[in-house]
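Here the structure is laid out as structure tokens; the discussion comes afterwards.
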Amino acid sequence: MLNIETRMDRNKMGDSVPLKLALPELKYPIGSQPKQKSAINQYSRLEYISIVDSILKPDEMIRVRGSFLGPIMKLSERGLKLSAKMIYAILTRSIVSVKENEAWFHFGAQPMRFSIREFHMMTGLKCSGALEGPRRETDRFNWELLKGRSHKLNDVVEQLRNTREDASEERVCLAMLILVESVLLRKSKGGSFPLEYAKNAQDMTYPWGKEAYIVLLKSIQNAVANHLENKSKFELQGYPLVFLLWILELIPLLRNKFSKCVPTVEVPGPIYLCEKYTEIKNPSLDRVLQVEADTKLKVHCILPSIPHDPEDDISIEDKYSDELATLKDVTKKGYKLTADDWENRCVDTFETLDALIQMMANKETGQASTPIDEDSVNEKVNRIIEVMEENLKSMKDRMSLLEEENMHLRARVSELEGNNNVFPTNVTQQRSSGTPLSPMSHTQPSSETPLSPMSQQPNLTHEETMIESAASPKSQQNEDYTQPSSETPLSPMSQQPNLTHEETMNESDDDTPALDTQVFSPNLTKEIYAQ
């Protein structure tokens with residue numbers, strides 16, 4: 001099979017058309033993931049919901065439930081348990097990424113993205129807006145806990161108990177601060193919280209969802225980085241139940257086997273995904289891996305939108321990754337990745353096309369073709385071709401730029417050919433360095449022997465030489481050589497220009513077609529690609 005580089009070099013004209021789409025690295029190769037009996041330390045405390053309920057008046061509690069905390073409170077009161085085995089199975093299937101504000105995993109070789117958008121879709125928490133900078137209404141109340149640099153949960157509970165019953169607004173703010181810190185933001189047992197949390201609680205527009213997402217994400221990243229194969233326990237800060245629900249949403253087969261959900265009804269506003277779960281089982285790791293090996297396994301890379309969600313496009317600015325962009329692109333078009341794709345760290349579109357050609361040839365000759373799995377070669381080719389067609393569109397634009405640059409180079413060469421006093425660059429360098437010229441280089445052209453056009457051209461850079469050679473047909477190159485006059489015969493050596501190694505290779509390739517006349521097609525046969 002024709003050998004093609006996995007990652008093609010970039011140049012100033014853009015990327016080459018990739019026949020191999022590069023994939024990111026896996027933390028653990030498929031089949032080599034650790035299988036420790038690990039437990040999770042979590043610090044989210046749901047009992048504070050009942051504590052708040054015992055202090056607030058009924059109308060105040062209704063206000064809290066009607067706030068952004070409503071979906072989380074409904075979920076927390078259902079007593080759902082965390083499945084350490086399902087979370088462990090996903091954490092050991094981490095995809096290495098330059099991204100700092102999202103995490104990528106795989107299950108059954110299919111990629112999965114955990115970002116602030118998915119966190120918002122699970123919880124309904126407000127995630128848009130800045131965490132830093134001046135905020136409004138952060139000094140409305142004169143709380144005792146505002147006098148220190150930090151505070152504990154019990155300090156806020158005590159402040160709520162001591163607040164007058166007629167100060168309903170203040171009591172609701174304190175109650176919501178207790179629930180945010182106890183359910184969403186706890187990082188350790190009995191830990192303290194920064195003073196800024198108490199100030200921001202007075203601003204009802206503060207994006208607590210973004211704050212909670214960052215706490216959870218950083219703990220997930222730390223757990224993956226701290227070598228899960230050597231750990232019997234690992235900790236997840238914040239609200240890890242959201243991460244488990246995200247796993248169930250992206251892997252429907254896991255959800256159907258190990259959870260129960262209430263049917264959703266049509267309502268005017270958005271229904272966030274955490275609201276439908278009523279029960280979650282805690283399966284063994286072996287049962288989770290059995291689901292991964294199921295031939296009917298389907299995995300969503302990115303969750304579909306929730307109707308009427310005002311923050312459906314929420315994101316955090318992050319580093320760009322070509323490899324993750326490839327993952328999103330091929331999975332969006334329905335391509336099903338394989339363990340071989342991950343081992344080779346690429347989706348080999350050329351091999352897939354070659355498999356289709358072989359299958360078609362076998363069909364025409366009546367030979368038995370190799371068995372085809374559920375995701376047939378035809379389907380895979382159609383999906384990959386869509387990706388290639390998009391790349392070919394951008395290739396056409398780059399071809400136009402190449403043509404413009406060729407025209408510029410031709411004009412430059414024509415201008416230089418009009419100046420008979422211009423020496424080749426290599427001659428000039430020899431004179432400036434003091435290197436004596438060879439006898440042939442001392443020979444000056446007579447008035448009866450005009451300079452050859454090639455001798456008047458400057459030494460082009462490697463990139464310019466490649467472009468000029470590709471754009472000029474063989475016949476045009478032959479015309480550029482100086483024909484000897486009848487009065488002064490030229491020696492064989494003087495008839496050839498001083499070529500670099502790369503120029504010599506381009507001149508000798510008589511079968512290379514002009515670059516600006518080639519037609520690229522994703523449906524080329526193997527033989528055409530080989531040519």
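In the structure tokens, chains take the letters A, B, ... in the order shown, each chain's residues start at 1, and ligands count up from 1 in the order shown.
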
Excluding same-chain residues fewer than 4 positions from segment 85-94 of chain A, what lies within 6 Å of it counting only C-alpha atoms, as a PDB file with C-alpha atoms, in the first residue's frame?
```pdb
ATOM      1  CA  LYS A  27      -3.685   8.024  28.897  1.00  0.00           C
ATOM      2  CA  GLN A  33      -6.489   0.254  31.489  1.00  0.00           C
ATOM      3  CA  PHE A 105     -12.631  10.369  27.638  1.00  0.00           C
ATOM      4  CA  HIS A 106     -13.510   7.312  25.553  1.00  0.00           C
ATOM      5  CA  LEU A 285     -16.481  -2.952  37.219  1.00  0.00           C
TER       6      LEU A 285
END
```

*asked:* Give me the residues near Lys74 of chain A as a PyMOL selection string, where near means some atom within 9 Å (using only C-alpha atoms) and where sequence neighbours in that chain fewer than 4 positions away do not count.
replied: chain A and resi 65+69-70+78+274-275

Emit the selected residues as an mmCIF file, in the first residue's frame, including C-alpha atoms.
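Contents of selection.cif, freshly written:
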```cif
data_model
loop_
_atom_site.group_PDB
_atom_site.id
_atom_site.type_symbol
_atom_site.label_atom_id
_atom_site.label_comp_id
_atom_site.auth_asym_id
_atom_site.auth_seq_id
_atom_site.Cartn_x
_atom_site.Cartn_y
_atom_site.Cartn_z
ATOM 1 C CA ARG A 65 -36.580 26.037 45.303
ATOM 2 C CA LEU A 69 -30.811 25.741 42.799
ATOM 3 C CA GLY A 70 -34.193 24.107 42.112
ATOM 4 C CA ARG A 78 -33.859 11.671 45.790
ATOM 5 C CA CYS A 274 -30.580 15.833 36.261
ATOM 6 C CA GLU A 275 -34.317 16.231 36.898
#
```

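In this comparison, which uses only C-alpha atoms, the residue of A:Met399, A:Ile49, A:Leu82, A:Leu23 approaching Ser97 of chain A most closely is A:Leu23.
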
*Could you state the separation of atom CA of Glu169 of chain A and atom CA of Leu145 of chain A in Å, given to one decimal place?*
17.3 Å

*Give me the residues within 9 Å of Gly124 of chain A as a PyMOL selection string, counting only C-alpha atoms and dropping any in the same chain fewer than 4 places off.*
chain A and resi 68-72+119-120+209+270-274+309

*asked:* Can you measure atom CA of Val262 of chain A to atom CA of Lys298 of chain A for me? One decimal in Å is fine.
replied: 21.4 Å

*Have a look at atom CA of Glu118 of chain A and atom CA of Val242 of chain A and let me know their distance in Å, one decimal.*
9.3 Å

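Closest approach to Gly269 of chain A from the set A:Ala223, A:Ile306, A:Ile316, A:Ile51 is made by A:Ile306, with distances taken over only C-alpha atoms.
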
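DSSP on the backbone gives strand (DSSP E or B) for these parts of segment 5-159 of chain A: Asn11, Gly14, Lys20, Leu21, Ala22, Leu26, Ala39, Ile40, Asn41, Gln42, Ser94, Ile95, Ala103, Trp104, Phe105, His106, Phe107, Gln110, Pro111, Met112, Arg113, Phe114, Ser150 and His151 of chain A.
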
Output N, CA and C atoms for every residue in that selection, as a PDB file, in the first residue's frame.
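And here is the file that came out, again27.pdb:
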```
ATOM      1  N   ASN A  11       2.466  24.519   5.629  1.00  0.00           N
ATOM      2  CA  ASN A  11       3.240  25.550   4.971  1.00  0.00           C
ATOM      3  C   ASN A  11       2.426  26.815   4.969  1.00  0.00           C
ATOM      4  N   GLY A  14      -1.179  26.743   3.865  1.00  0.00           N
ATOM      5  CA  GLY A  14      -2.226  26.015   4.580  1.00  0.00           C
ATOM      6  C   GLY A  14      -1.869  24.543   4.707  1.00  0.00           C
ATOM      7  N   LYS A  20      -4.684  10.778   6.256  1.00  0.00           N
ATOM      8  CA  LYS A  20      -4.742  10.205   7.592  1.00  0.00           C
ATOM      9  C   LYS A  20      -5.086  11.326   8.563  1.00  0.00           C
ATOM     10  N   LEU A  21      -6.181  11.151   9.284  1.00  0.00           N
ATOM     11  CA  LEU A  21      -6.638  12.157  10.228  1.00  0.00           C
ATOM     12  C   LEU A  21      -6.072  11.824  11.602  1.00  0.00           C
ATOM     13  N   ALA A  22      -5.220  12.693  12.133  1.00  0.00           N
ATOM     14  CA  ALA A  22      -4.503  12.422  13.374  1.00  0.00           C
ATOM     15  C   ALA A  22      -5.444  12.407  14.571  1.00  0.00           C
ATOM     16  N   LEU A  26      -3.928   8.456  24.107  1.00  0.00           N
ATOM     17  CA  LEU A  26      -4.720   7.969  25.228  1.00  0.00           C
ATOM     18  C   LEU A  26      -3.841   7.869  26.474  1.00  0.00           C
ATOM     19  N   ALA A  39     -12.088   3.310  45.525  1.00  0.00           N
ATOM     20  CA  ALA A  39     -13.227   3.997  46.130  1.00  0.00           C
ATOM     21  C   ALA A  39     -13.043   5.498  45.951  1.00  0.00           C
ATOM     22  N   ILE A  40     -14.141   6.236  46.066  1.00  0.00           N
ATOM     23  CA  ILE A  40     -14.115   7.682  45.872  1.00  0.00           C
ATOM     24  C   ILE A  40     -14.364   8.386  47.200  1.00  0.00           C
ATOM     25  N   ASN A  41     -13.507   9.343  47.509  1.00  0.00           N
ATOM     26  CA  ASN A  41     -13.779  10.262  48.607  1.00  0.00           C
ATOM     27  C   ASN A  41     -14.482  11.479  48.026  1.00  0.00           C
ATOM     28  N   GLN A  42     -15.692  11.743  48.473  1.00  0.00           N
ATOM     29  CA  GLN A  42     -16.420  12.927  48.036  1.00  0.00           C
ATOM     30  C   GLN A  42     -16.856  13.719  49.261  1.00  0.00           C
ATOM     31  N   SER A  94      -9.104   8.063  29.847  1.00  0.00           N
ATOM     32  CA  SER A  94      -8.891   9.487  29.577  1.00  0.00           C
ATOM     33  C   SER A  94      -8.131   9.682  28.267  1.00  0.00           C
ATOM     34  N   ILE A  95      -8.491  10.738  27.544  1.00  0.00           N
ATOM     35  CA  ILE A  95      -7.791  11.144  26.324  1.00  0.00           C
ATOM     36  C   ILE A  95      -6.886  12.319  26.672  1.00  0.00           C
ATOM     37  N   ALA A 103     -12.510  18.146  29.691  1.00  0.00           N
ATOM     38  CA  ALA A 103     -11.869  16.829  29.779  1.00  0.00           C
ATOM     39  C   ALA A 103     -12.471  15.907  28.727  1.00  0.00           C
ATOM     40  N   TRP A 104     -11.626  15.021  28.159  1.00  0.00           N
ATOM     41  CA  TRP A 104     -12.061  14.086  27.122  1.00  0.00           C
ATOM     42  C   TRP A 104     -11.788  12.653  27.583  1.00  0.00           C
ATOM     43  N   PHE A 105     -12.738  11.780  27.277  1.00  0.00           N
ATOM     44  CA  PHE A 105     -12.631  10.369  27.638  1.00  0.00           C
ATOM     45  C   PHE A 105     -13.119   9.525  26.460  1.00  0.00           C
ATOM     46  N   HIS A 106     -12.984   8.208  26.585  1.00  0.00           N
ATOM     47  CA  HIS A 106     -13.510   7.312  25.553  1.00  0.00           C
ATOM     48  C   HIS A 106     -14.120   6.099  26.231  1.00  0.00           C
ATOM     49  N   PHE A 107     -15.061   5.488  25.553  1.00  0.00           N
ATOM     50  CA  PHE A 107     -15.703   4.261  26.042  1.00  0.00           C
ATOM     51  C   PHE A 107     -16.094   3.451  24.820  1.00  0.00           C
ATOM     52  N   GLN A 110     -15.038   5.082  21.584  1.00  0.00           N
ATOM     53  CA  GLN A 110     -15.743   6.276  21.109  1.00  0.00           C
ATOM     54  C   GLN A 110     -15.483   7.448  22.058  1.00  0.00           C
ATOM     55  N   PRO A 111     -15.184   8.644  21.535  1.00  0.00           N
ATOM     56  CA  PRO A 111     -14.815   9.785  22.384  1.00  0.00           C
ATOM     57  C   PRO A 111     -16.016  10.419  23.066  1.00  0.00           C
ATOM     58  N   MET A 112     -15.750  11.072  24.220  1.00  0.00           N
ATOM     59  CA  MET A 112     -16.771  11.747  25.013  1.00  0.00           C
ATOM     60  C   MET A 112     -16.171  13.046  25.567  1.00  0.00           C
ATOM     61  N   ARG A 113     -16.922  14.140  25.452  1.00  0.00           N
ATOM     62  CA  ARG A 113     -16.432  15.433  25.949  1.00  0.00           C
ATOM     63  C   ARG A 113     -17.194  15.860  27.203  1.00  0.00           C
ATOM     64  N   PHE A 114     -16.441  16.260  28.224  1.00  0.00           N
ATOM     65  CA  PHE A 114     -17.030  16.849  29.429  1.00  0.00           C
ATOM     66  C   PHE A 114     -16.574  18.297  29.506  1.00  0.00           C
ATOM     67  N   SER A 150     -11.918  34.100  55.796  1.00  0.00           N
ATOM     68  CA  SER A 150     -12.600  32.881  55.357  1.00  0.00           C
ATOM     69  C   SER A 150     -13.674  32.532  56.377  1.00  0.00           C
ATOM     70  N   HIS A 151     -14.458  31.526  56.054  1.00  0.00           N
ATOM     71  CA  HIS A 151     -15.521  31.092  56.955  1.00  0.00           C
ATOM     72  C   HIS A 151     -15.798  29.613  56.735  1.00  0.00           C
TER      73      HIS A 151
END
```

*Contact residues around Glu144 of chain A with only C-alpha atoms at 12 Å, ignoring same-chain residues under 6 positions, as a PyMOL selection string*: chain A and resi 150-151+155-160+162-163+195+198-199

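When the distance limit is 10 Å and only C-alpha atoms are what count, the residues near Tyr43 of chain A, minus those fewer than 6 positions from it on the same chain, are Ser182, Val183, Leu184, Leu185, Arg186, Lys187, Ser188, Lys189, Gly190, Gly191, Glu235, Leu236, Gln237, Gly238, Tyr239 and Pro240 of chain A.
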
For the residues in that selection, give me N, CA and C atoms as a PDB file, in the first residue's frame.
```
ATOM      1  N   SER A 182     -22.229  23.780  50.453  1.00  0.00           N
ATOM      2  CA  SER A 182     -22.290  22.412  50.979  1.00  0.00           C
ATOM      3  C   SER A 182     -22.448  21.365  49.885  1.00  0.00           C
ATOM      4  N   VAL A 183     -23.215  21.680  48.844  1.00  0.00           N
ATOM      5  CA  VAL A 183     -23.500  20.696  47.791  1.00  0.00           C
ATOM      6  C   VAL A 183     -22.520  20.813  46.625  1.00  0.00           C
ATOM      7  N   LEU A 184     -22.181  22.026  46.208  1.00  0.00           N
ATOM      8  CA  LEU A 184     -21.469  22.229  44.946  1.00  0.00           C
ATOM      9  C   LEU A 184     -19.976  22.514  45.078  1.00  0.00           C
ATOM     10  N   LEU A 185     -19.529  23.076  46.207  1.00  0.00           N
ATOM     11  CA  LEU A 185     -18.174  23.631  46.250  1.00  0.00           C
ATOM     12  C   LEU A 185     -17.257  23.025  47.301  1.00  0.00           C
ATOM     13  N   ARG A 186     -17.688  22.055  48.058  1.00  0.00           N
ATOM     14  CA  ARG A 186     -16.834  21.518  49.130  1.00  0.00           C
ATOM     15  C   ARG A 186     -15.619  20.793  48.545  1.00  0.00           C
ATOM     16  N   LYS A 187     -14.429  21.124  49.089  1.00  0.00           N
ATOM     17  CA  LYS A 187     -13.186  20.519  48.625  1.00  0.00           C
ATOM     18  C   LYS A 187     -12.564  19.575  49.651  1.00  0.00           C
ATOM     19  N   SER A 188     -13.035  19.644  50.891  1.00  0.00           N
ATOM     20  CA  SER A 188     -12.487  18.780  51.937  1.00  0.00           C
ATOM     21  C   SER A 188     -13.481  18.691  53.085  1.00  0.00           C
ATOM     22  N   LYS A 189     -13.226  17.765  53.975  1.00  0.00           N
ATOM     23  CA  LYS A 189     -14.102  17.593  55.135  1.00  0.00           C
ATOM     24  C   LYS A 189     -13.811  18.687  56.157  1.00  0.00           C
ATOM     25  N   GLY A 190     -14.829  19.475  56.468  1.00  0.00           N
ATOM     26  CA  GLY A 190     -14.663  20.541  57.453  1.00  0.00           C
ATOM     27  C   GLY A 190     -13.821  21.698  56.974  1.00  0.00           C
ATOM     28  N   GLY A 191     -13.634  21.831  55.665  1.00  0.00           N
ATOM     29  CA  GLY A 191     -12.817  22.907  55.130  1.00  0.00           C
ATOM     30  C   GLY A 191     -13.516  24.254  55.191  1.00  0.00           C
ATOM     31  N   GLU A 235     -10.070  11.153  45.224  1.00  0.00           N
ATOM     32  CA  GLU A 235     -11.094  12.087  45.666  1.00  0.00           C
ATOM     33  C   GLU A 235     -11.627  12.909  44.506  1.00  0.00           C
ATOM     34  N   LEU A 236     -12.896  13.235  44.600  1.00  0.00           N
ATOM     35  CA  LEU A 236     -13.539  14.143  43.662  1.00  0.00           C
ATOM     36  C   LEU A 236     -14.207  15.250  44.470  1.00  0.00           C
ATOM     37  N   GLN A 237     -13.800  16.476  44.207  1.00  0.00           N
ATOM     38  CA  GLN A 237     -14.336  17.622  44.928  1.00  0.00           C
ATOM     39  C   GLN A 237     -15.567  18.169  44.216  1.00  0.00           C
ATOM     40  N   GLY A 238     -16.235  19.093  44.888  1.00  0.00           N
ATOM     41  CA  GLY A 238     -17.426  19.674  44.283  1.00  0.00           C
ATOM     42  C   GLY A 238     -18.597  18.707  44.331  1.00  0.00           C
ATOM     43  N   TYR A 239     -19.275  18.552  43.185  1.00  0.00           N
ATOM     44  CA  TYR A 239     -20.495  17.730  43.122  1.00  0.00           C
ATOM     45  C   TYR A 239     -20.307  16.635  42.079  1.00  0.00           C
ATOM     46  N   PRO A 240     -19.619  15.530  42.420  1.00  0.00           N
ATOM     47  CA  PRO A 240     -19.287  14.485  41.436  1.00  0.00           C
ATOM     48  C   PRO A 240     -20.488  13.741  40.884  1.00  0.00           C
TER      49      PRO A 240
END
```

*Near Glu311 of chain A, counting only C-alpha atoms, which residues have an atom at most 10 Å away, once you skip same-chain residues fewer than 6 positions from it, shown as a PyMOL selection string?*
chain A and resi 117+120-121+124-128+305
